[in-house]
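Chemist: Dumping the structure here so I can ask a few things about it.
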Amino acid sequence: MVCRLRRSLYGLKQAPRAWFERFASVVTAAGFSPSAHDPALFVHTSPRGRTLLLLYVDDMIITGDDPEYIAFVKARLRDQFLINDLGPLRYFLGIEVSSTSDGFYISQEKYIQDLLARAALGDERTVETPMELNVKLQPTNGDPLPDPTRYRHLVGSLVYLAVTRPDMSYPVHILSQFVSAPTTVHYSHLLRVLRYLRGTITRRLFFPRSSSLQLQCYSDATWASDPSDLRSLSAYCVFIGGSLIAWKTKKQTAVSRSSVEAELRAMALLTAEVT
């Protein structure tokens with residue numbers, strides 16, 4: 001006996017692919033085109049402006065310069081799917097968005113609050129910096145944790161927090177190197193990062209409305225900063241006008257024989273990522 005599945009269901013392996021193909025066909029028929037950089041981003045351009053639609057599973061953001069076309073897209077989606085219009089963007093996938101006359105703020109304050117609640121720190125202390133100056137952690141520092149699950153869970157949560165917190169890029173990069181076998185020393189540095197977040201929970205990224213479109217890029221590098229393999233770290237940030245749009249910290253793939261070589265590798269990383 002063979003059953004023919006006429007409609008994809010949640011829980012089946014092919015359900016996400018079938019759902020995306022169905023959704024993409026609807027928005028493409030409405031005039032959108034998929035982005036060459038992200039298949040979940042759809043773009044529509046007309047003389048009246050540009051409209052963007054970003055999809056994550058079954059949550060989406062629609063924004064643009066053409067309110068009439070946005071209303072048309074919403075109507076088409078209602079004809080094909082059961083949707084809820086939540087109004088102006090305020091919260092999406094743990095990211096909070098607030099709009100003012102000067103621009104937009106994005107943050108993850110509620111996400112940090114939930115993270116601190118799960119961490120259950122035993123005190124109310126805060127610190128000024130996420131990591132101590134010139135700290136060089138090694139896999140052999142301290143005693144192995146009897147259960148590394150908690151360390152892995154908290155570091156994994158910090159990875160997503162780095163979406164809106166550039167100051168988390170470096171400590172997350174360092175702490176993530178020890179998730180396979182964390183020690184008591186690594187865990188103490190993780191607690192320091194959490195105490196830093198407690199004291200800076202209200203920090204936000206600001207995107208001004210009147211910003212220019214001039215692209216500005218900055219890169220930097222350490223030299224032989226990892227004591228275990230003597231490899232350097234590359235880091236960069238990218239601005240459009242006064243808006244910070246991208247940042248990254250990454251260990252270099254080879255040992256640099258001078259600080260100049262390390263800086264050049266950092267610039268090469270930036271060039272590859274931006275272009």
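Labeling convention for the structure tokens: chains A, B, ... as they appear, residues from 1 per chain, ligands from 1 in order of appearance.
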Could you give me, as a tab-separated table (two decimals) with N, CA, C and O atoms, in the first residue's frame, the residues within 10 Å of range 200-211 of chain A, counting only C-alpha atoms and dropping anything in the same chain fewer than 6 positions from it?

Modeler:
chain	number	residue	atom	x	y	z
A	96	GLU	N	14.74	43.64	19.56
A	96	GLU	CA	13.78	44.71	19.80
A	96	GLU	C	14.12	45.92	18.92
A	96	GLU	O	15.29	46.29	18.81
A	97	VAL	N	13.11	46.51	18.32
A	97	VAL	CA	13.27	47.65	17.43
A	97	VAL	C	12.38	48.78	17.93
A	97	VAL	O	11.19	48.59	18.16
A	98	SER	N	12.96	49.95	18.12
A	98	SER	CA	12.18	51.13	18.51
A	98	SER	C	12.49	52.26	17.53
A	98	SER	O	13.63	52.46	17.13
A	99	SER	N	11.44	52.98	17.16
A	99	SER	CA	11.57	54.04	16.16
A	99	SER	C	11.34	55.40	16.81
A	99	SER	O	10.44	55.58	17.64
A	100	THR	N	12.19	56.36	16.45
A	100	THR	CA	12.04	57.74	16.90
A	100	THR	C	12.12	58.65	15.69
A	100	THR	O	12.35	58.21	14.56
A	101	SER	N	11.95	59.94	15.92
A	101	SER	CA	12.04	60.90	14.82
A	101	SER	C	13.47	61.00	14.27
A	101	SER	O	13.67	61.42	13.13
A	102	ASP	N	14.46	60.60	15.07
A	102	ASP	CA	15.85	60.69	14.64
A	102	ASP	C	16.36	59.44	13.95
A	102	ASP	O	17.33	59.50	13.19
A	103	GLY	N	15.72	58.29	14.23
A	103	GLY	CA	16.18	57.06	13.63
A	103	GLY	C	15.64	55.83	14.35
A	103	GLY	O	14.60	55.90	15.02
A	104	PHE	N	16.36	54.72	14.24
A	104	PHE	CA	15.93	53.45	14.80
A	104	PHE	C	16.97	52.92	15.78
A	104	PHE	O	18.17	53.07	15.57
A	105	TYR	N	16.47	52.28	16.83
A	105	TYR	CA	17.33	51.61	17.80
A	105	TYR	C	17.01	50.11	17.77
A	105	TYR	O	15.82	49.73	17.72
A	106	ILE	N	18.04	49.29	17.78
A	106	ILE	CA	17.82	47.85	17.91
A	106	ILE	C	18.62	47.35	19.11
A	106	ILE	O	19.72	47.83	19.38
A	107	SER	N	18.04	46.40	19.82
A	107	SER	CA	18.68	45.88	21.02
A	107	SER	C	18.13	44.48	21.29
A	107	SER	O	17.22	44.01	20.61
A	108	GLN	N	18.70	43.84	22.31
A	108	GLN	CA	18.22	42.53	22.76
A	108	GLN	C	18.11	42.52	24.29
A	108	GLN	O	18.57	41.59	24.95
A	109	GLU	N	17.50	43.56	24.83
A	109	GLU	CA	17.43	43.69	26.28
A	109	GLU	C	16.66	42.53	26.91
A	109	GLU	O	17.10	41.95	27.90
A	110	LYS	N	15.51	42.18	26.34
A	110	LYS	CA	14.74	41.08	26.90
A	110	LYS	C	15.49	39.76	26.78
A	110	LYS	O	15.46	38.92	27.68
A	111	TYR	N	16.20	39.60	25.67
A	111	TYR	CA	17.00	38.38	25.46
A	111	TYR	C	18.07	38.27	26.54
A	111	TYR	O	18.32	37.18	27.09
A	112	ILE	N	18.71	39.40	26.88
A	112	ILE	CA	19.74	39.39	27.93
A	112	ILE	C	19.11	39.08	29.28
A	112	ILE	O	19.68	38.33	30.09
A	113	GLN	N	17.96	39.66	29.56
A	113	GLN	CA	17.27	39.37	30.82
A	113	GLN	C	16.97	37.88	30.96
A	113	GLN	O	17.19	37.29	32.02
A	126	THR	N	28.60	43.82	38.85
A	126	THR	CA	28.79	44.15	37.44
A	126	THR	C	30.27	44.49	37.22
A	126	THR	O	30.98	44.82	38.17
A	127	VAL	N	30.72	44.43	35.98
A	127	VAL	CA	32.09	44.78	35.63
A	127	VAL	C	32.05	45.73	34.44
A	127	VAL	O	31.06	45.83	33.72
A	128	GLU	N	33.15	46.45	34.25
A	128	GLU	CA	33.21	47.48	33.22
A	128	GLU	C	33.59	46.93	31.85
A	128	GLU	O	33.27	47.54	30.83
A	129	THR	N	34.27	45.81	31.80
A	129	THR	CA	34.73	45.24	30.53
A	129	THR	C	34.35	43.76	30.47
A	129	THR	O	34.30	43.08	31.51
A	164	THR	N	23.48	42.00	17.77
A	164	THR	CA	23.27	43.44	18.02
A	164	THR	C	24.29	44.03	18.98
A	164	THR	O	24.20	45.21	19.29
A	165	ARG	N	25.24	43.22	19.44
A	165	ARG	CA	26.23	43.72	20.40
A	165	ARG	C	27.63	43.49	19.85
A	165	ARG	O	28.21	42.42	20.02
A	166	PRO	N	28.21	44.49	19.17
A	166	PRO	CA	29.58	44.32	18.65
A	166	PRO	C	30.60	44.03	19.75
A	166	PRO	O	31.61	43.38	19.49
A	194	LEU	N	28.90	37.66	31.59
A	194	LEU	CA	27.50	37.82	32.00
A	194	LEU	C	27.34	39.00	32.95
A	194	LEU	O	26.35	39.73	32.87
A	240	ILE	N	27.96	52.33	7.24
A	240	ILE	CA	27.37	53.11	6.16
A	240	ILE	C	26.95	54.43	6.79
A	240	ILE	O	26.00	54.50	7.57
A	241	GLY	N	27.70	55.49	6.47
A	241	GLY	CA	27.48	56.75	7.15
A	241	GLY	C	27.81	56.59	8.62
A	241	GLY	O	28.90	56.18	9.01
A	242	GLY	N	26.83	56.88	9.48
A	242	GLY	CA	27.03	56.71	10.91
A	242	GLY	C	26.43	55.44	11.46
A	242	GLY	O	26.32	55.28	12.68
A	243	SER	N	26.06	54.50	10.59
A	243	SER	CA	25.40	53.27	11.03
A	243	SER	C	26.36	52.09	10.93
A	243	SER	O	26.91	51.80	9.86
A	244	LEU	N	26.56	51.41	12.04
A	244	LEU	CA	27.38	50.21	12.06
A	244	LEU	C	26.54	49.04	11.55
A	244	LEU	O	25.51	48.71	12.14
A	245	ILE	N	26.98	48.41	10.46
A	245	ILE	CA	26.16	47.37	9.83
A	245	ILE	C	26.80	45.99	9.87
A	245	ILE	O	26.10	44.99	9.67

Chemist: Can you list, as JSON, numbers by chain, every residue of range 42-248 of chain A that DSSP puts in strand (DSSP E)?

Modeler: {"A": [42, 43, 44, 45, 46, 49, 50, 51, 52, 53, 54, 55, 56, 59, 60, 61, 62, 63, 64, 91, 92, 95, 96, 97, 98, 99, 103, 104, 105, 106, 107, 205, 206, 207, 208, 215, 216, 217, 218, 219, 220, 221, 233, 234, 235, 236, 237, 238, 239, 240, 243, 244, 245, 246, 247, 248]}

Chemist: Fewer than 4 positions away in the same chain doesn't count, so skip those; otherwise give me all residues within 12 Å of Ala71 in chain A, counting only C-alpha atoms, as a ChimeraX atom specification.

Modeler: /A:30,51,62-67,75-78,85,87

Chemist: Nearest to Pro47 in chain A: which of A:Gly199, A:Gln138, A:Asp229, A:Tyr69 is it, counting only C-alpha atoms?

Modeler: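 Ranking A:Gly199, A:Gln138, A:Asp229, A:Tyr69 by distance to Pro47 in chain A, first place goes to A:Tyr69.
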
Chemist: Pick the closest to Phe178 in chain A from A:Arg231, A:Arg152, A:Arg198, A:Arg50: which is it, counting only C-alpha atoms?

Modeler: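 Selected residue with least distance to Phe178 in chain A: A:Arg152.
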
Chemist: Can you measure CA of Lys250 in chain A to CA of Pro146 in chain A for me? One decimal in Å is fine.

Modeler: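 Distance reported for this atom pair: 29.0 Å.
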
Chemist: Which residue gives the smallest distance to Gln80 in chain A among A:Val26, A:Met60, A:Ile95, A:Ala15, with only C-alpha atoms counted?

Modeler: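 The closest residue to Gln80 in chain A is A:Val26.
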
Chemist: Neighbouring residues of Pro39 in chain A were defined as those with any atom within 10 Å, considering only C-alpha atoms; residues of the same chain fewer than 3 positions away were excluded. Please report them as a list in words.

Modeler: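 These residues fall inside the cut-off: Phe20, Ala24, Ser33, Pro34, Ser35, Ala36, Phe42, Leu54 and Leu55 of chain A.
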
Chemist: Quick one: residues within 8 Å of Pro139 in chain A, only C-alpha atoms counted, chain neighbours fewer than 3 positions away excluded, as a list in words?

Modeler: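 After dropping sequence-adjacent residues, the list is Phe178, Ala181, Pro182 and Thr183 of chain A.
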
Chemist: If you keep all heavy atoms, can you produce a file of those selected residues as a PDB file, in the first residue's frame?

Modeler:
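Printed below is result-v3.pdb as written:
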ATOM      1  N   PHE A 178      36.507  26.781  23.532  1.00  0.00           N
ATOM      2  CA  PHE A 178      36.675  25.794  24.586  1.00  0.00           C
ATOM      3  C   PHE A 178      35.382  25.041  24.893  1.00  0.00           C
ATOM      4  O   PHE A 178      35.294  24.403  25.946  1.00  0.00           O
ATOM      5  CB  PHE A 178      37.186  26.488  25.859  1.00  0.00           C
ATOM      6  CG  PHE A 178      38.400  27.349  25.630  1.00  0.00           C
ATOM      7  CD1 PHE A 178      38.302  28.733  25.655  1.00  0.00           C
ATOM      8  CD2 PHE A 178      39.632  26.778  25.363  1.00  0.00           C
ATOM      9  CE1 PHE A 178      39.407  29.527  25.435  1.00  0.00           C
ATOM     10  CE2 PHE A 178      40.751  27.568  25.138  1.00  0.00           C
ATOM     11  CZ  PHE A 178      40.643  28.938  25.164  1.00  0.00           C
ATOM     12  N   ALA A 181      35.748  21.149  25.690  1.00  0.00           N
ATOM     13  CA  ALA A 181      36.288  20.718  26.982  1.00  0.00           C
ATOM     14  C   ALA A 181      36.534  21.936  27.867  1.00  0.00           C
ATOM     15  O   ALA A 181      37.683  22.305  28.138  1.00  0.00           O
ATOM     16  CB  ALA A 181      37.571  19.927  26.787  1.00  0.00           C
ATOM     17  N   PRO A 182      35.487  22.604  28.337  1.00  0.00           N
ATOM     18  CA  PRO A 182      35.671  23.801  29.170  1.00  0.00           C
ATOM     19  C   PRO A 182      36.195  23.443  30.554  1.00  0.00           C
ATOM     20  O   PRO A 182      35.958  22.348  31.065  1.00  0.00           O
ATOM     21  CB  PRO A 182      34.255  24.393  29.246  1.00  0.00           C
ATOM     22  CG  PRO A 182      33.351  23.222  29.057  1.00  0.00           C
ATOM     23  CD  PRO A 182      34.067  22.298  28.111  1.00  0.00           C
ATOM     24  N   THR A 183      36.886  24.421  31.153  1.00  0.00           N
ATOM     25  CA  THR A 183      37.433  24.236  32.491  1.00  0.00           C
ATOM     26  C   THR A 183      36.850  25.284  33.436  1.00  0.00           C
ATOM     27  O   THR A 183      36.078  26.155  33.023  1.00  0.00           O
ATOM     28  CB  THR A 183      38.965  24.362  32.476  1.00  0.00           C
ATOM     29  OG1 THR A 183      39.317  25.723  32.167  1.00  0.00           O
ATOM     30  CG2 THR A 183      39.582  23.432  31.441  1.00  0.00           C
TER      31      THR A 183
END
